[in-house]
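Participant: I'd like to ask you about the structure that follows.
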Amino acid sequence: MTSDFTEREDPFALFATWFAEAGESEPNDPNAMALSTVDETGLPDVRMVLMKGFDDEGFVFYTNTESAKGRELAAVPKAAAVFHWKSLRRQVRLRGPAERVSEAEADAYFASRPRDSRIGAWASRQSRPLESRFALEKAVATYAAKYAVGEVPRPPHWTGFRIRPVYLEFWQDRPFRLHDRVVFRRADPNGTWTKERLYP
């Protein structure tokens, strides 16, 4: 495990180290993160999603843009997320503006998904009322027949978002609730990071 992470100066490099270690210890989905957006009244909305990529530009996830989170991000393009790796007693929090990935990036990721998942992206009217399980299965069958031959194209309403953090906090459990907390902040996604320790 990472030794004295509080001395690290690059938050993305530190995240890469922790994420790799989580991949070795978490029984399921080390890339799972709780994603928070806000609705038109400012009420927070949170759900679990899977991070599908990260680099120095930020953290990427994919969704139906007509879903609740898609609509909320269109109205208020800001988000927060948290990773909790229980096996390591660690968490990482992040906040920042959220922007759509490029069309090429979305196309490439969509093409990498299993065929049934690509069909599902067409069939699901995500977050909207569903009259019955049968209605969903019927929609899946309809699109499976439509795209029975050849590639399944990416729906126009399906893409990715990249959270470009201006805040990254690393938390490590320590005995007697005397945890280690280090936060990196910057004024904007292209700014220079500052670092400080926080009381637990």
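To be explicit about the labels: the chains of the structure tokens are called A, B, and onward in the order shown, and within each one the residues are counted from 1, while ligands get numbers from 1 in the order they are shown.
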When you look at Val60 in chain A with a cut-off of 7 Å (counting only C-alpha atoms), what residues show up, excluding the ones that are within fewer than 6 positions of it in the same chain? I need them as a ChimeraX atom specification.

Facilitator: /A:51-54,160-163

Participant: Create the file for the chosen residues now, containing C-alpha atoms and written as a PDB file, in the first residue's frame.

Facilitator:
ATOM      1  CA  MET A  51     -15.825   5.542 -14.077  1.00  0.00           C
ATOM      2  CA  LYS A  52     -14.634   4.444 -17.512  1.00  0.00           C
ATOM      3  CA  GLY A  53     -11.405   6.407 -17.757  1.00  0.00           C
ATOM      4  CA  PHE A  54      -9.248   9.024 -16.084  1.00  0.00           C
ATOM      5  CA  GLY A 160     -19.771  10.571 -21.909  1.00  0.00           C
ATOM      6  CA  PHE A 161     -19.035  13.321 -19.447  1.00  0.00           C
ATOM      7  CA  ARG A 162     -15.669  14.291 -18.040  1.00  0.00           C
ATOM      8  CA  ILE A 163     -15.508  15.819 -14.575  1.00  0.00           C
TER       9      ILE A 163
END

Participant: Identify all residues of chain A in strand (DSSP E or B) (DSSP on the backbone) and supply them as an MDAnalysis selection string.

Facilitator: chainID A and resid 32:38 44:50 53:55 58:64 78:85 90:100 158:163 167:172 180:185 194:197

Participant: Kindly export the residues of the current selection with C-alpha atoms, as a PDB file, in the first residue's frame.

Facilitator:
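Printed below is out13.pdb as written:
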ATOM      1  CA  ALA A  32     -17.604   2.522  -8.945  1.00  0.00           C
ATOM      2  CA  MET A  33     -18.220   6.075  -7.792  1.00  0.00           C
ATOM      3  CA  ALA A  34     -21.140   7.917  -6.256  1.00  0.00           C
ATOM      4  CA  LEU A  35     -21.979  10.740  -8.658  1.00  0.00           C
ATOM      5  CA  SER A  36     -23.825  13.831  -7.449  1.00  0.00           C
ATOM      6  CA  THR A  37     -25.608  16.425  -9.582  1.00  0.00           C
ATOM      7  CA  VAL A  38     -28.344  18.959  -8.772  1.00  0.00           C
ATOM      8  CA  PRO A  44     -28.796  17.225  -4.853  1.00  0.00           C
ATOM      9  CA  ASP A  45     -29.232  13.909  -6.658  1.00  0.00           C
ATOM     10  CA  VAL A  46     -26.782  11.027  -6.209  1.00  0.00           C
ATOM     11  CA  ARG A  47     -26.336   7.583  -7.763  1.00  0.00           C
ATOM     12  CA  MET A  48     -23.617   5.007  -8.387  1.00  0.00           C
ATOM     13  CA  VAL A  49     -21.934   4.985 -11.801  1.00  0.00           C
ATOM     14  CA  LEU A  50     -18.812   3.397 -13.228  1.00  0.00           C
ATOM     15  CA  GLY A  53     -11.405   6.407 -17.757  1.00  0.00           C
ATOM     16  CA  PHE A  54      -9.248   9.024 -16.084  1.00  0.00           C
ATOM     17  CA  ASP A  55      -6.177  11.069 -16.868  1.00  0.00           C
ATOM     18  CA  GLY A  58     -10.391  14.351 -15.434  1.00  0.00           C
ATOM     19  CA  PHE A  59     -12.727  11.437 -14.747  1.00  0.00           C
ATOM     20  CA  VAL A  60     -15.062  10.019 -17.417  1.00  0.00           C
ATOM     21  CA  PHE A  61     -18.397   8.226 -17.181  1.00  0.00           C
ATOM     22  CA  TYR A  62     -21.087   7.518 -19.798  1.00  0.00           C
ATOM     23  CA  THR A  63     -24.843   7.914 -19.754  1.00  0.00           C
ATOM     24  CA  ASN A  64     -28.042   8.568 -21.646  1.00  0.00           C
ATOM     25  CA  LYS A  78     -21.039  20.663 -12.452  1.00  0.00           C
ATOM     26  CA  ALA A  79     -20.661  17.425 -10.514  1.00  0.00           C
ATOM     27  CA  ALA A  80     -19.153  15.806  -7.456  1.00  0.00           C
ATOM     28  CA  ALA A  81     -18.125  12.189  -6.961  1.00  0.00           C
ATOM     29  CA  VAL A  82     -16.668   9.923  -4.328  1.00  0.00           C
ATOM     30  CA  PHE A  83     -14.830   6.611  -4.542  1.00  0.00           C
ATOM     31  CA  HIS A  84     -14.999   4.424  -1.431  1.00  0.00           C
ATOM     32  CA  TRP A  85     -12.639   1.463  -1.298  1.00  0.00           C
ATOM     33  CA  ARG A  90      -9.837   4.829   1.733  1.00  0.00           C
ATOM     34  CA  GLN A  91     -11.943   7.310  -0.129  1.00  0.00           C
ATOM     35  CA  VAL A  92     -11.365   9.973  -2.768  1.00  0.00           C
ATOM     36  CA  ARG A  93     -13.700  12.927  -3.228  1.00  0.00           C
ATOM     37  CA  LEU A  94     -13.720  15.223  -6.249  1.00  0.00           C
ATOM     38  CA  ARG A  95     -15.693  18.220  -7.508  1.00  0.00           C
ATOM     39  CA  GLY A  96     -15.621  20.307 -10.644  1.00  0.00           C
ATOM     40  CA  PRO A  97     -17.227  21.296 -13.917  1.00  0.00           C
ATOM     41  CA  ALA A  98     -18.486  18.482 -16.154  1.00  0.00           C
ATOM     42  CA  GLU A  99     -18.212  18.603 -19.938  1.00  0.00           C
ATOM     43  CA  ARG A 100     -19.126  16.197 -22.712  1.00  0.00           C
ATOM     44  CA  TRP A 158     -25.753   8.548 -25.426  1.00  0.00           C
ATOM     45  CA  THR A 159     -22.349  10.012 -24.611  1.00  0.00           C
ATOM     46  CA  GLY A 160     -19.771  10.571 -21.909  1.00  0.00           C
ATOM     47  CA  PHE A 161     -19.035  13.321 -19.447  1.00  0.00           C
ATOM     48  CA  ARG A 162     -15.669  14.291 -18.040  1.00  0.00           C
ATOM     49  CA  ILE A 163     -15.508  15.819 -14.575  1.00  0.00           C
ATOM     50  CA  TYR A 167     -11.029  19.792  -5.760  1.00  0.00           C
ATOM     51  CA  LEU A 168      -9.559  16.365  -4.994  1.00  0.00           C
ATOM     52  CA  GLU A 169      -9.478  15.001  -1.465  1.00  0.00           C
ATOM     53  CA  PHE A 170      -7.730  11.817  -0.329  1.00  0.00           C
ATOM     54  CA  TRP A 171      -8.820  10.177   2.916  1.00  0.00           C
ATOM     55  CA  GLN A 172      -7.113   7.269   4.688  1.00  0.00           C
ATOM     56  CA  ASP A 180      -5.273  11.354   7.270  1.00  0.00           C
ATOM     57  CA  ARG A 181      -6.933  13.859   4.917  1.00  0.00           C
ATOM     58  CA  VAL A 182      -5.163  15.738   2.147  1.00  0.00           C
ATOM     59  CA  VAL A 183      -6.935  18.089  -0.229  1.00  0.00           C
ATOM     60  CA  PHE A 184      -5.760  19.525  -3.538  1.00  0.00           C
ATOM     61  CA  ARG A 185      -7.487  22.675  -4.838  1.00  0.00           C
ATOM     62  CA  THR A 194      -2.368  23.848  -3.942  1.00  0.00           C
ATOM     63  CA  LYS A 195      -2.279  21.204  -1.223  1.00  0.00           C
ATOM     64  CA  GLU A 196      -3.124  21.176   2.455  1.00  0.00           C
ATOM     65  CA  ARG A 197      -3.869  18.711   5.224  1.00  0.00           C
TER      66      ARG A 197
END

Participant: Enumerate as a short mmCIF file (atom, residue, chain, number, x, y, z; two decimals) with N, CA and C atoms, in the first residue's frame all residues of range 2-164 of chain A assigned to alpha helix (DSSP H) by DSSP on the backbone, naming them with the chain letters and numbers the document uses.

Facilitator:
data_model
loop_
_atom_site.label_atom_id
_atom_site.label_comp_id
_atom_site.auth_asym_id
_atom_site.auth_seq_id
_atom_site.Cartn_x
_atom_site.Cartn_y
_atom_site.Cartn_z
N PRO A 11 -1.96 15.07 -7.61
CA PRO A 11 -3.15 14.30 -7.22
C PRO A 11 -3.55 13.23 -8.22
N PHE A 12 -3.32 13.46 -9.52
CA PHE A 12 -3.69 12.44 -10.50
C PHE A 12 -2.78 11.22 -10.40
N ALA A 13 -1.50 11.45 -10.14
CA ALA A 13 -0.58 10.33 -9.96
C ALA A 13 -0.93 9.55 -8.70
N LEU A 14 -1.30 10.28 -7.65
CA LEU A 14 -1.70 9.61 -6.41
C LEU A 14 -2.97 8.81 -6.64
N PHE A 15 -3.93 9.38 -7.35
CA PHE A 15 -5.15 8.63 -7.64
C PHE A 15 -4.83 7.37 -8.44
N ALA A 16 -3.94 7.47 -9.41
CA ALA A 16 -3.58 6.30 -10.23
C ALA A 16 -3.01 5.19 -9.35
N THR A 17 -2.19 5.56 -8.38
CA THR A 17 -1.62 4.57 -7.46
C THR A 17 -2.71 3.92 -6.62
N TRP A 18 -3.57 4.73 -6.04
CA TRP A 18 -4.64 4.18 -5.20
C TRP A 18 -5.61 3.34 -6.01
N PHE A 19 -5.92 3.78 -7.22
CA PHE A 19 -6.86 3.02 -8.05
C PHE A 19 -6.29 1.66 -8.42
N ALA A 20 -4.99 1.63 -8.73
CA ALA A 20 -4.35 0.35 -9.03
C ALA A 20 -4.40 -0.58 -7.83
N GLU A 21 -4.17 -0.05 -6.65
CA GLU A 21 -4.22 -0.87 -5.44
C GLU A 21 -5.65 -1.34 -5.15
N ALA A 22 -6.63 -0.48 -5.43
CA ALA A 22 -8.02 -0.89 -5.26
C ALA A 22 -8.37 -2.02 -6.21
N GLY A 23 -7.80 -1.99 -7.41
CA GLY A 23 -8.05 -3.05 -8.38
C GLY A 23 -7.57 -4.40 -7.89
N GLU A 24 -6.59 -4.40 -7.00
CA GLU A 24 -6.06 -5.65 -6.45
C GLU A 24 -6.84 -6.15 -5.24
N SER A 25 -7.59 -5.26 -4.58
CA SER A 25 -8.19 -5.63 -3.30
C SER A 25 -9.71 -5.58 -3.27
N ALA A 68 -32.02 11.41 -15.88
CA ALA A 68 -32.04 12.47 -14.87
C ALA A 68 -30.68 13.16 -14.78
N LYS A 69 -29.61 12.37 -14.69
CA LYS A 69 -28.29 13.01 -14.57
C LYS A 69 -27.90 13.75 -15.83
N GLY A 70 -28.30 13.22 -16.99
CA GLY A 70 -28.00 13.91 -18.24
C GLY A 70 -28.68 15.26 -18.31
N ARG A 71 -29.95 15.29 -17.93
CA ARG A 71 -30.69 16.56 -17.94
C ARG A 71 -30.14 17.52 -16.90
N GLU A 72 -29.79 17.00 -15.74
CA GLU A 72 -29.25 17.86 -14.68
C GLU A 72 -27.91 18.45 -15.08
N LEU A 73 -27.07 17.65 -15.73
CA LEU A 73 -25.77 18.16 -16.16
C LEU A 73 -25.91 19.16 -17.30
N ALA A 74 -26.94 19.02 -18.12
CA ALA A 74 -27.17 20.00 -19.18
C ALA A 74 -27.55 21.34 -18.59
N ALA A 75 -28.33 21.32 -17.49
CA ALA A 75 -28.78 22.55 -16.86
C ALA A 75 -27.70 23.16 -15.97
N GLU A 103 -17.04 13.53 -29.68
CA GLU A 103 -17.81 12.52 -30.40
C GLU A 103 -16.96 11.29 -30.68
N ALA A 104 -15.70 11.52 -31.04
CA ALA A 104 -14.80 10.40 -31.35
C ALA A 104 -14.55 9.54 -30.11
N GLU A 105 -14.38 10.18 -28.98
CA GLU A 105 -14.15 9.44 -27.74
C GLU A 105 -15.38 8.62 -27.37
N ALA A 106 -16.57 9.22 -27.51
CA ALA A 106 -17.81 8.50 -27.20
C ALA A 106 -18.01 7.34 -28.16
N ASP A 107 -17.74 7.56 -29.45
CA ASP A 107 -17.88 6.49 -30.44
C ASP A 107 -16.96 5.32 -30.12
N ALA A 108 -15.72 5.64 -29.77
CA ALA A 108 -14.73 4.59 -29.50
C ALA A 108 -15.14 3.76 -28.29
N TYR A 109 -15.59 4.42 -27.23
CA TYR A 109 -15.98 3.66 -26.05
C TYR A 109 -17.24 2.84 -26.33
N PHE A 110 -18.22 3.43 -27.02
CA PHE A 110 -19.46 2.70 -27.31
C PHE A 110 -19.15 1.44 -28.12
N ALA A 111 -18.25 1.56 -29.08
CA ALA A 111 -17.90 0.41 -29.92
C ALA A 111 -17.22 -0.70 -29.13
N SER A 112 -16.62 -0.35 -27.99
CA SER A 112 -15.91 -1.34 -27.17
C SER A 112 -16.87 -2.13 -26.26
N ARG A 115 -22.09 -6.22 -27.40
CA ARG A 115 -23.20 -5.92 -28.32
C ARG A 115 -24.53 -5.76 -27.58
N ASP A 116 -24.81 -6.62 -26.60
CA ASP A 116 -26.07 -6.53 -25.88
C ASP A 116 -26.19 -5.21 -25.11
N SER A 117 -25.06 -4.70 -24.62
CA SER A 117 -25.08 -3.42 -23.92
C SER A 117 -25.37 -2.29 -24.89
N ARG A 118 -24.86 -2.39 -26.11
CA ARG A 118 -25.13 -1.37 -27.11
C ARG A 118 -26.62 -1.39 -27.51
N ILE A 119 -27.18 -2.58 -27.63
CA ILE A 119 -28.62 -2.69 -27.90
C ILE A 119 -29.41 -2.07 -26.74
N GLY A 120 -28.98 -2.38 -25.53
CA GLY A 120 -29.65 -1.85 -24.35
C GLY A 120 -29.66 -0.33 -24.29
N ALA A 121 -28.60 0.29 -24.80
CA ALA A 121 -28.54 1.75 -24.81
C ALA A 121 -29.63 2.35 -25.69
N TRP A 122 -29.99 1.64 -26.76
CA TRP A 122 -31.09 2.08 -27.62
C TRP A 122 -32.44 1.80 -26.97
N ALA A 123 -32.56 0.68 -26.29
CA ALA A 123 -33.86 0.24 -25.78
C ALA A 123 -34.30 0.97 -24.52
N ARG A 133 -41.88 -4.84 -17.16
CA ARG A 133 -40.64 -5.47 -17.61
C ARG A 133 -40.78 -5.93 -19.06
N PHE A 134 -41.96 -6.38 -19.41
CA PHE A 134 -42.20 -6.84 -20.77
C PHE A 134 -41.96 -5.73 -21.79
N ALA A 135 -42.34 -4.50 -21.44
CA ALA A 135 -42.14 -3.37 -22.36
C ALA A 135 -40.66 -3.16 -22.63
N LEU A 136 -39.83 -3.32 -21.61
CA LEU A 136 -38.38 -3.18 -21.81
C LEU A 136 -37.85 -4.32 -22.68
N GLU A 137 -38.28 -5.53 -22.38
CA GLU A 137 -37.81 -6.67 -23.17
C GLU A 137 -38.26 -6.57 -24.63
N LYS A 138 -39.45 -6.02 -24.85
CA LYS A 138 -39.95 -5.82 -26.21
C LYS A 138 -39.10 -4.80 -26.95
N ALA A 139 -38.71 -3.72 -26.25
CA ALA A 139 -37.85 -2.70 -26.87
C ALA A 139 -36.49 -3.29 -27.22
N VAL A 140 -35.95 -4.12 -26.33
CA VAL A 140 -34.67 -4.77 -26.61
C VAL A 140 -34.79 -5.64 -27.86
N ALA A 141 -35.86 -6.42 -27.94
CA ALA A 141 -36.06 -7.30 -29.11
C ALA A 141 -36.20 -6.50 -30.39
N THR A 142 -36.88 -5.37 -30.31
CA THR A 142 -37.07 -4.52 -31.49
C THR A 142 -35.73 -4.00 -32.02
N TYR A 143 -34.90 -3.50 -31.13
CA TYR A 143 -33.61 -2.96 -31.58
C TYR A 143 -32.63 -4.07 -31.95
N ALA A 144 -32.73 -5.23 -31.30
CA ALA A 144 -31.88 -6.35 -31.68
C ALA A 144 -32.19 -6.78 -33.11
N ALA A 145 -33.48 -6.74 -33.48
CA ALA A 145 -33.86 -7.08 -34.85
C ALA A 145 -33.42 -5.99 -35.82
N LYS A 146 -33.54 -4.74 -35.41
CA LYS A 146 -33.16 -3.63 -36.28
C LYS A 146 -31.68 -3.66 -36.61
#

Participant: Using Å and a single decimal, report how far CA of Phe5 in chain A sits from CA of Asp56 in chain A.

Facilitator: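 Separation of CA of Asp56 in chain A and CA of Phe5 in chain A: 18.3 Å.
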
Participant: What does the structure give for the distance between CA of Gly191 in chain A and CA of Glu9 in chain A, in Å to one decimal?

Facilitator: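 Here the two named atoms are 14.3 Å from each other.
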
Participant: Fewer than 6 positions away in the same chain doesn't count, so skip those; otherwise give me all residues within 9 Å of Glu26 in chain A, counting only C-alpha atoms, as a VMD selection string.

Facilitator: chain A and resid 85 to 88

Participant: How would the residues just chosen look if you wrote them out with C-alpha atoms as a PDB file, in the first residue's frame?

Facilitator:
ATOM      1  CA  TRP A  85     -12.639   1.463  -1.298  1.00  0.00           C
ATOM      2  CA  LYS A  86     -13.733  -0.341   1.827  1.00  0.00           C
ATOM      3  CA  SER A  87     -11.058  -3.042   1.551  1.00  0.00           C
ATOM      4  CA  LEU A  88      -8.368  -0.348   1.798  1.00  0.00           C
TER       5      LEU A  88
END
